[in-house]
>>> print(open('run-v5.txt').read())   # compact mmCIF, C-alpha atoms and all ligand atoms
# COMPACT_ATOMS: atom_id res chain seq x y z
CA MET W 731 -32.98 -13.53 -197.88
CA ALA W 732 -35.96 -14.26 -195.58
CA ALA W 733 -35.07 -16.05 -192.36
CA VAL W 734 -35.91 -19.75 -192.53
CA ILE W 735 -38.11 -20.96 -189.65
CA PRO W 736 -36.70 -24.19 -188.18
CA LEU W 737 -39.12 -27.13 -188.34
CA ILE W 738 -38.58 -27.74 -184.62
CA GLN W 739 -37.37 -25.16 -182.13
CA THR W 740 -37.07 -25.83 -178.42
CA ARG W 741 -36.30 -23.18 -175.85
CA ALA W 742 -35.15 -23.97 -172.30
CA LEU W 743 -36.87 -27.36 -172.54
CA THR W 744 -36.68 -29.22 -169.23
CA ARG W 745 -38.04 -32.53 -167.94
CA GLN W 746 -37.20 -34.02 -164.57
CA PHE W 747 -37.73 -37.48 -163.10
CA GLY W 748 -37.65 -37.00 -159.34
CA GLY W 749 -34.50 -34.99 -158.77
CA LEU W 750 -32.90 -36.01 -162.07
CA LYS W 751 -32.96 -33.51 -164.95
CA ALA W 752 -33.22 -35.93 -167.88
CA VAL W 753 -33.57 -32.94 -170.26
CA ASP W 754 -32.03 -29.80 -168.85
CA ASN W 755 -32.73 -26.39 -170.36
CA VAL W 756 -32.30 -27.50 -173.97
CA ASP W 757 -32.30 -24.99 -176.86
CA PHE W 758 -32.45 -26.95 -180.09
CA ASN W 759 -33.16 -26.11 -183.75
CA LEU W 760 -34.00 -28.65 -186.41
CA GLU W 761 -33.68 -27.44 -189.96
CA SER W 762 -36.31 -28.59 -192.43
CA GLY W 763 -35.30 -31.12 -195.09
CA LYS W 764 -32.28 -32.45 -193.23
CA ILE W 765 -31.29 -35.69 -191.57
CA HIS W 766 -30.34 -34.70 -188.05
CA ALA W 767 -28.88 -37.23 -185.61
CA ILE W 768 -28.91 -37.06 -181.82
CA ILE W 769 -26.16 -39.07 -180.19
CA GLY W 770 -24.82 -39.36 -176.67
CA PRO W 771 -23.93 -41.91 -174.00
CA ASN W 772 -26.59 -44.11 -172.37
CA GLY W 773 -28.85 -42.06 -170.13
CA ALA W 774 -27.91 -38.77 -171.83
CA GLY W 775 -31.58 -37.84 -172.28
CA LYS W 776 -32.07 -38.55 -175.98
CA THR W 777 -35.24 -40.64 -175.71
CA THR W 778 -36.72 -38.26 -173.15
CA PHE W 779 -35.99 -35.33 -175.46
CA VAL W 780 -37.70 -36.85 -178.51
CA SER W 781 -40.58 -38.04 -176.30
CA LEU W 782 -41.15 -34.37 -175.46
CA LEU W 783 -41.19 -33.55 -179.18
CA SER W 784 -43.70 -36.31 -179.99
CA GLY W 785 -45.90 -35.58 -176.98
CA ARG W 786 -45.39 -38.93 -175.23
CA LEU W 787 -44.12 -36.84 -172.33
CA LEU W 788 -44.84 -33.26 -171.34
CA PRO W 789 -42.07 -30.91 -170.22
CA ASP W 790 -41.84 -29.33 -166.77
CA SER W 791 -40.84 -26.05 -168.40
CA GLY W 792 -39.70 -24.57 -171.68
CA THR W 793 -41.33 -24.43 -175.12
CA ILE W 794 -41.51 -26.44 -178.33
CA LEU W 795 -42.38 -24.84 -181.67
CA PHE W 796 -43.23 -26.90 -184.76
CA ASP W 797 -42.97 -24.83 -187.92
CA GLY W 798 -43.45 -21.75 -185.74
CA GLN W 799 -46.56 -23.10 -183.93
CA ASP W 800 -46.38 -23.64 -180.17
CA ILE W 801 -47.02 -27.36 -179.59
CA THR W 802 -45.59 -27.56 -176.05
CA THR W 803 -48.79 -28.91 -174.50
CA MET W 804 -50.45 -30.32 -177.63
CA PRO W 805 -51.60 -33.95 -177.12
CA ALA W 806 -49.61 -36.62 -178.99
CA HIS W 807 -52.45 -37.54 -181.40
CA LYS W 808 -52.74 -33.90 -182.50
CA ARG W 809 -48.99 -33.78 -183.12
CA VAL W 810 -49.43 -36.73 -185.48
CA GLN W 811 -52.06 -34.67 -187.30
CA VAL W 812 -49.71 -31.71 -187.73
CA GLY W 813 -47.07 -34.04 -189.18
CA ILE W 814 -44.89 -35.54 -186.44
CA ALA W 815 -44.43 -39.33 -186.54
CA TYR W 816 -42.39 -41.21 -183.98
CA THR W 817 -41.25 -44.83 -184.19
CA PHE W 818 -40.54 -46.31 -180.81
CA GLN W 819 -37.30 -47.70 -179.49
CA ILE W 820 -39.08 -50.96 -178.78
CA THR W 821 -40.88 -52.66 -181.63
CA SER W 822 -44.50 -51.60 -181.51
CA VAL W 823 -46.12 -53.52 -184.34
CA PHE W 824 -49.37 -55.42 -183.72
CA ALA W 825 -48.07 -58.99 -183.71
CA ASN W 826 -51.44 -60.66 -184.35
CA LEU W 827 -52.33 -58.51 -187.35
CA SER W 828 -51.03 -58.96 -190.89
CA VAL W 829 -48.36 -56.64 -192.24
CA TYR W 830 -51.05 -55.15 -194.50
CA ASP W 831 -53.37 -54.40 -191.57
CA ASN W 832 -50.57 -52.88 -189.50
CA VAL W 833 -49.95 -50.34 -192.27
CA ALA W 834 -53.65 -49.94 -193.07
CA LEU W 835 -54.29 -48.57 -189.57
CA PRO W 836 -52.15 -45.42 -189.89
CA VAL W 837 -53.14 -44.99 -193.56
CA GLN W 838 -56.79 -45.08 -192.52
CA ARG W 839 -56.10 -42.54 -189.82
CA ARG W 840 -54.55 -40.18 -192.36
CA LEU W 841 -57.33 -40.68 -194.92
CA LEU W 842 -60.02 -40.15 -192.26
CA GLN W 843 -58.57 -36.74 -191.49
CA ARG W 844 -59.36 -35.79 -195.08
CA GLY W 845 -62.89 -37.19 -195.07
CA ARG W 846 -64.11 -40.67 -195.88
CA VAL W 847 -61.88 -43.68 -196.54
CA ASP W 848 -62.18 -45.01 -200.07
CA PRO W 849 -61.22 -48.75 -200.09
CA GLY W 850 -59.34 -48.41 -203.39
CA ALA W 851 -57.30 -45.48 -202.08
CA LEU W 852 -56.58 -47.37 -198.86
CA HIS W 853 -55.31 -50.43 -200.73
CA GLN W 854 -53.17 -48.33 -203.06
CA SER W 855 -51.65 -46.29 -200.22
CA VAL W 856 -50.82 -49.39 -198.16
CA PHE W 857 -48.99 -50.98 -201.09
CA GLU W 858 -47.17 -47.73 -201.92
CA VAL W 859 -45.79 -47.68 -198.39
CA LEU W 860 -44.93 -51.40 -198.37
CA ASP W 861 -43.14 -50.98 -201.71
CA ARG W 862 -41.10 -48.11 -200.31
CA VAL W 863 -39.72 -50.29 -197.52
CA GLY W 864 -39.44 -53.36 -199.77
CA MET W 865 -42.05 -55.38 -197.90
CA ALA W 866 -44.91 -55.77 -200.40
CA ASP W 867 -44.16 -59.52 -200.63
CA HIS W 868 -44.85 -59.84 -196.90
CA ALA W 869 -48.22 -58.06 -196.99
CA HIS W 870 -50.19 -61.10 -195.91
CA SER W 871 -47.75 -62.44 -193.30
CA LYS W 872 -48.61 -62.11 -189.66
CA ALA W 873 -46.45 -59.30 -188.25
CA GLY W 874 -45.45 -61.43 -185.27
CA SER W 875 -43.97 -64.07 -187.56
CA LEU W 876 -41.55 -61.62 -189.25
CA SER W 877 -37.84 -61.47 -188.46
CA TYR W 878 -36.82 -58.75 -186.01
CA GLY W 879 -35.31 -56.70 -188.87
CA HIS W 880 -38.53 -56.86 -190.85
CA GLN W 881 -40.54 -55.84 -187.78
CA ARG W 882 -38.37 -52.73 -187.46
CA LEU W 883 -38.92 -51.96 -191.16
CA LEU W 884 -42.65 -52.44 -190.68
CA GLU W 885 -42.52 -49.94 -187.88
CA VAL W 886 -40.88 -47.41 -190.20
CA ALA W 887 -43.59 -48.21 -192.77
CA MET W 888 -46.24 -47.41 -190.14
CA GLY W 889 -44.57 -44.05 -189.57
CA LEU W 890 -44.33 -43.36 -193.31
CA ALA W 891 -48.01 -44.25 -193.77
CA LEU W 892 -48.82 -41.03 -191.91
CA GLN W 893 -46.91 -39.04 -194.57
CA PRO W 894 -45.18 -37.06 -191.82
CA ARG W 895 -43.24 -33.85 -192.25
CA LEU W 896 -40.99 -35.00 -189.43
CA LEU W 897 -40.12 -38.65 -188.87
CA ILE W 898 -38.44 -39.39 -185.54
CA LEU W 899 -36.56 -42.69 -185.51
CA ASP W 900 -35.42 -43.89 -182.08
CA GLU W 901 -32.57 -46.40 -182.40
CA PRO W 902 -33.92 -47.87 -185.64
CA THR W 903 -30.92 -50.11 -186.40
CA GLN W 904 -30.73 -51.71 -182.97
CA GLY W 905 -30.72 -55.49 -183.44
CA LEU W 906 -30.38 -55.36 -187.24
CA SER W 907 -27.78 -57.37 -189.17
CA ASP W 908 -25.08 -55.58 -191.21
CA GLY W 909 -26.96 -56.28 -194.44
CA GLU W 910 -30.21 -54.96 -192.98
CA ILE W 911 -28.38 -51.83 -191.78
CA ASP W 912 -27.13 -51.11 -195.33
CA THR W 913 -30.68 -51.43 -196.68
CA PHE W 914 -31.91 -49.22 -193.87
CA ILE W 915 -29.39 -46.47 -194.68
CA GLU W 916 -30.66 -46.40 -198.27
CA LEU W 917 -34.26 -46.29 -197.03
CA VAL W 918 -33.63 -43.30 -194.74
CA ARG W 919 -31.94 -41.43 -197.61
CA GLU W 920 -34.99 -42.06 -199.74
CA ILE W 921 -37.39 -41.00 -196.94
CA ALA W 922 -35.40 -37.79 -196.46
CA ARG W 923 -36.24 -36.66 -200.00
CA ASP W 924 -39.66 -35.57 -198.75
CA ALA W 925 -39.49 -35.59 -194.93
CA THR W 926 -37.19 -34.22 -192.28
CA VAL W 927 -35.62 -37.04 -190.27
CA LEU W 928 -34.55 -36.89 -186.64
CA LEU W 929 -32.54 -39.96 -185.77
CA ILE W 930 -31.39 -41.23 -182.39
CA GLU W 931 -28.67 -43.71 -183.13
CA HIS W 932 -25.85 -45.46 -181.31
CA ASN W 933 -24.24 -46.94 -184.44
CA MET W 934 -21.69 -44.30 -185.46
CA GLN W 935 -21.28 -45.74 -188.94
CA VAL W 936 -24.98 -45.14 -189.55
CA VAL W 937 -24.79 -41.64 -188.07
CA MET W 938 -21.76 -40.66 -190.13
CA ALA W 939 -23.28 -42.12 -193.31
CA LEU W 940 -26.61 -40.33 -192.95
CA ALA W 941 -26.51 -37.21 -190.81
CA ASP W 942 -26.27 -33.69 -192.24
CA ARG W 943 -26.04 -32.44 -188.67
CA ILE W 944 -25.36 -34.05 -185.31
CA THR W 945 -26.35 -32.96 -181.81
CA VAL W 946 -24.49 -34.59 -178.95
CA MET W 947 -26.32 -34.86 -175.62
CA ASN W 948 -24.75 -35.58 -172.27
CA ASN W 949 -26.37 -35.38 -168.81
CA GLY W 950 -29.55 -33.87 -170.26
CA LYS W 951 -27.74 -31.02 -171.99
CA ILE W 952 -26.45 -30.33 -175.48
CA LEU W 953 -22.72 -30.90 -175.36
CA ALA W 954 -21.94 -30.11 -178.99
CA GLU W 955 -23.58 -29.63 -182.36
CA GLY W 956 -22.20 -29.59 -185.89
CA THR W 957 -21.49 -31.47 -189.07
CA PRO W 958 -20.20 -35.06 -188.80
CA SER W 959 -16.60 -33.92 -189.31
CA GLU W 960 -16.92 -31.13 -186.70
CA ILE W 961 -18.32 -33.63 -184.20
CA ARG W 962 -15.58 -36.17 -184.89
CA ALA W 963 -12.97 -33.48 -184.21
CA ASN W 964 -14.61 -32.19 -181.01
CA ALA W 965 -12.51 -32.89 -177.92
CA ALA W 966 -15.42 -32.63 -175.46
CA VAL W 967 -17.33 -35.23 -177.46
CA GLN W 968 -14.35 -37.59 -177.45
CA GLU W 969 -14.19 -37.13 -173.68
CA ALA W 970 -17.90 -37.94 -173.16
CA TYR W 971 -17.47 -41.14 -175.15
CA LEU W 972 -14.33 -42.34 -173.38
CA GLY W 973 -15.04 -45.90 -172.38
CA GLY W 974 -18.16 -45.92 -174.51
CA GLY W 975 -16.45 -46.36 -177.89
CA ASP W 976 -15.06 -44.00 -180.54
CA VAL W 977 -17.08 -41.33 -182.24
N1 LIG U 1001 -39.85 -42.75 -166.82
C1 LIG U 1001 -38.70 -42.50 -166.17
N2 LIG U 1001 -38.65 -42.49 -164.83
C2 LIG U 1001 -37.50 -42.22 -164.17
N3 LIG U 1001 -36.33 -41.93 -164.77
C3 LIG U 1001 -36.32 -41.96 -166.12
C4 LIG U 1001 -37.50 -42.24 -166.88
N4 LIG U 1001 -37.18 -42.17 -168.20
C5 LIG U 1001 -35.86 -41.87 -168.26
N5 LIG U 1001 -35.34 -41.74 -167.02
C6 LIG U 1001 -33.96 -41.37 -166.67
O1 LIG U 1001 -33.64 -40.20 -167.39
C7 LIG U 1001 -32.31 -40.25 -167.89
C8 LIG U 1001 -32.33 -40.09 -169.41
O2 LIG U 1001 -32.90 -41.25 -169.97
P1 LIG U 1001 -33.14 -41.40 -171.55
O3 LIG U 1001 -33.79 -42.73 -171.77
O4 LIG U 1001 -33.80 -40.21 -172.07
O5 LIG U 1001 -31.63 -41.44 -172.06
P2 LIG U 1001 -31.08 -41.92 -173.48
O6 LIG U 1001 -30.03 -40.95 -173.86
O7 LIG U 1001 -32.20 -42.12 -174.43
O8 LIG U 1001 -30.43 -43.31 -173.09
P3 LIG U 1001 -30.23 -44.64 -174.00
O9 LIG U 1001 -29.24 -44.30 -175.05
O10 LIG U 1001 -29.70 -45.63 -172.99
O11 LIG U 1001 -31.59 -45.01 -174.54
C9 LIG U 1001 -31.74 -41.58 -167.43
O12 LIG U 1001 -30.99 -41.36 -166.25
C10 LIG U 1001 -32.97 -42.41 -167.17
O13 LIG U 1001 -32.71 -43.40 -166.17
>>> encode(input="run-v5.txt", output="structure tokens")
Amino acid sequence: MAAVIPLIQTRALTRQFGGLKAVDNVDFNLESGKIHAIIGPNGAGKTTFVSLLSGRLLPDSGTILFDGQDITTMPAHKRVQVGIAYTFQITSVFANLSVYDNVALPVQRRLLQRGRVDPGALHQSVFEVLDRVGMADHAHSKAGSLSYGHQRLLEVAMGLALQPRLLILDEPTQGLSDGEIDTFIELVREIARDATVLLIEHNMQVVMALADRITVMNNGKILAEGTPSEIRANAAVQEAYLGGGDV
């Protein structure tokens, strides 16, 4: 059987802030078609790590390959073009625009890459995305007037509008109600049918329900990696979480 190239591969990836190694010599593989979660205590380096993957930050050393291509120094907007979408930890919707216009922006960006933007195609694509996240009824609401949960969903919609190969979700369920979390779990499963999902998540129920594979970070390094049951049984992981809740 031919060797499968991981969708993301990092080698010795390092990023410092002053003297602090927020990401320290990380070798990481992300298999295509999976839902992969990154967990770890506060300050472990998770957001810094995915910021390096999306291009929001550049590493001090090490390499990042996307589908075999070296993207280590590629600007963030080019990474979007090759298929990496990143939804931020903090809600980043445009509050004064309608839900429709918020989604139309990334759809337009994708359509422009293929040539001109046909208004009919734009309209259809926006509603396809809004339907996927169950927000078509809110198309004409001002984004700023939505509930927090709906703003987070809109943010996922904006990521989906780019039709990414890799969707990076940074703490997507933070601030959501239990009911909204259940809906979100279903949505991520649906998204994962045609995209690889990398999920940073503190809610262990969400991680255990969704992840095919889990990477545990601590102090900028990978502490453990495995299936949800392997991670649950890992003594070093239990230790890192002591005081921070059960895995
Ligand atoms: N821009 C920055 N300047 C200085 N230090 C930073 C910066 N960004 C992150 N850090 C530090 O790097 C370390 C890793 O932070 P990071 O946000 O990546 O962790 P995290 O695992 O995502 O944490 P959390 O779960 O709390 O979001 C922390 O000690 C943090 O204070």
>>> closest_atom_pairs(input="run-v5.txt", of="chain W", to="ligand LIG 1001 (chain U)", cutoff="8 Å", atoms="only C-alpha atoms and all ligand atoms", output="CSV")
residue,atom,partner,partner_atom,distance
W:Gln746,CA,U:LIG1001,O1,7.7
W:Phe747,CA,U:LIG1001,C2,4.9
W:Gly748,CA,U:LIG1001,C2,7.1
W:Leu750,CA,U:LIG1001,O1,6.8
W:Lys751,CA,U:LIG1001,O1,7.2
W:Ala752,CA,U:LIG1001,O1,4.3
W:Val753,CA,U:LIG1001,C8,7.3
W:Ile769,CA,U:LIG1001,O6,7.7
W:Gly770,CA,U:LIG1001,O6,6.1
W:Pro771,CA,U:LIG1001,O9,5.9
W:Asn772,CA,U:LIG1001,O10,3.5
W:Gly773,CA,U:LIG1001,O5,3.4
W:Ala774,CA,U:LIG1001,O6,3.7
W:Gly775,CA,U:LIG1001,O4,3.3
W:Lys776,CA,U:LIG1001,O6,3.8
W:Thr777,CA,U:LIG1001,O7,3.6
W:Thr778,CA,U:LIG1001,O4,3.7
W:Phe779,CA,U:LIG1001,O4,6.3
W:His932,CA,U:LIG1001,O9,7.2
W:Met947,CA,U:LIG1001,O6,7.3
W:Asn948,CA,U:LIG1001,O6,7.7
W:Asn949,CA,U:LIG1001,C8,7.6
W:Gly950,CA,U:LIG1001,C8,6.9
>>> closest_residue(input="run-v5.txt", among="W:Ser907, W:Thr817, W:Asn826, W:Thr926", to="Leu884 in chain W", atoms="all atoms listed in the file")
W:Thr817
>>> residues_near_point(input="run-v5.txt", point="(-50.4, -48.0, -198.3)", cutoff="10 Å", atoms="all atoms listed in the file", output="PDB file with C-alpha atoms, keeping the file's coordinate frame")
ATOM      1  CA  TYR W 830     -51.050 -55.150-194.500  1.00  0.00           C
ATOM      2  CA  ASP W 831     -53.370 -54.400-191.570  1.00  0.00           C
ATOM      3  CA  VAL W 833     -49.950 -50.340-192.270  1.00  0.00           C
ATOM      4  CA  ALA W 834     -53.650 -49.940-193.070  1.00  0.00           C
ATOM      5  CA  LEU W 835     -54.290 -48.570-189.570  1.00  0.00           C
ATOM      6  CA  PRO W 836     -52.150 -45.420-189.890  1.00  0.00           C
ATOM      7  CA  VAL W 837     -53.140 -44.990-193.560  1.00  0.00           C
ATOM      8  CA  GLN W 838     -56.790 -45.080-192.520  1.00  0.00           C
ATOM      9  CA  ALA W 851     -57.300 -45.480-202.080  1.00  0.00           C
ATOM     10  CA  LEU W 852     -56.580 -47.370-198.860  1.00  0.00           C
ATOM     11  CA  HIS W 853     -55.310 -50.430-200.730  1.00  0.00           C
ATOM     12  CA  GLN W 854     -53.170 -48.330-203.060  1.00  0.00           C
ATOM     13  CA  SER W 855     -51.650 -46.290-200.220  1.00  0.00           C
ATOM     14  CA  VAL W 856     -50.820 -49.390-198.160  1.00  0.00           C
ATOM     15  CA  PHE W 857     -48.990 -50.980-201.090  1.00  0.00           C
ATOM     16  CA  GLU W 858     -47.170 -47.730-201.920  1.00  0.00           C
ATOM     17  CA  VAL W 859     -45.790 -47.680-198.390  1.00  0.00           C
ATOM     18  CA  LEU W 860     -44.930 -51.400-198.370  1.00  0.00           C
ATOM     19  CA  ASP W 861     -43.140 -50.980-201.710  1.00  0.00           C
ATOM     20  CA  ARG W 862     -41.100 -48.110-200.310  1.00  0.00           C
ATOM     21  CA  ALA W 866     -44.910 -55.770-200.400  1.00  0.00           C
ATOM     22  CA  ALA W 887     -43.590 -48.210-192.770  1.00  0.00           C
ATOM     23  CA  MET W 888     -46.240 -47.410-190.140  1.00  0.00           C
ATOM     24  CA  LEU W 890     -44.330 -43.360-193.310  1.00  0.00           C
ATOM     25  CA  ALA W 891     -48.010 -44.250-193.770  1.00  0.00           C
ATOM     26  CA  LEU W 892     -48.820 -41.030-191.910  1.00  0.00           C
TER      27      LEU W 892
END
>>> residues_around(input="run-v5.txt", residues="Ala806 in chain W", least_positions_apart="3", cutoff="7 Å", atoms="only C-alpha atoms", output="VMD selection string")
chain W and resid 784 to 786 809 to 810
>>> closest_residue(input="run-v5.txt", among="W:Glu885, W:Asp848, W:Glu931, W:Glu916", to="Met865 in chain W", atoms="only C-alpha atoms")
W:Glu885
>>> residues_around(input="run-v5.txt", residues="range 756-767 of chain W", least_positions_apart="6", cutoff="6 Å", atoms="only C-alpha atoms", output="list of chain:residue names")
W:Pro736, W:Leu737, W:Ile738, W:Gln739, W:Thr740, W:Arg741, W:Ala742, W:Leu743, W:Thr926, W:Val927, W:Leu928, W:Leu929, W:Ile930, W:Ala941, W:Asp942, W:Arg943, W:Ile944
>>> closest_residue(input="run-v5.txt", among="W:Asp800, W:Gly874, W:Gln811, W:Arg839", to="Phe824 in chain W", atoms="only C-alpha atoms")
W:Gly874
>>> atom_distance(input="run-v5.txt", atom1="CA of Ser871 in chain W", atom2="CA of Gly905 in chain W")
20.9 Å
>>> residues_near_point(input="run-v5.txt", point="(-32.9, -44.5, -191.6)", cutoff="9 Å", atoms="all atoms listed in the file", output="list in words")
Ile765, Val886, Leu899, Pro902, Thr903, Ile911, Thr913, Phe914, Ile915, Glu916, Leu917, Val918, Arg919, Glu920, Ile921, Ala922, Val927, Leu929, Val936 and Leu940 of chain W
>>> atom_distance(input="run-v5.txt", atom1="CA of Ser822 in chain W", atom2="CA of Asp867 in chain W")
20.7 Å
>>> atom_distance(input="run-v5.txt", atom1="CA of His807 in chain W", atom2="CA of Arg745 in chain W")
20.3 Å
>>> closest_residue(input="run-v5.txt", among="W:Gln799, W:Ser791, W:Ser875, W:Gln893", to="Ile814 in chain W", atoms="only C-alpha atoms")
W:Gln893
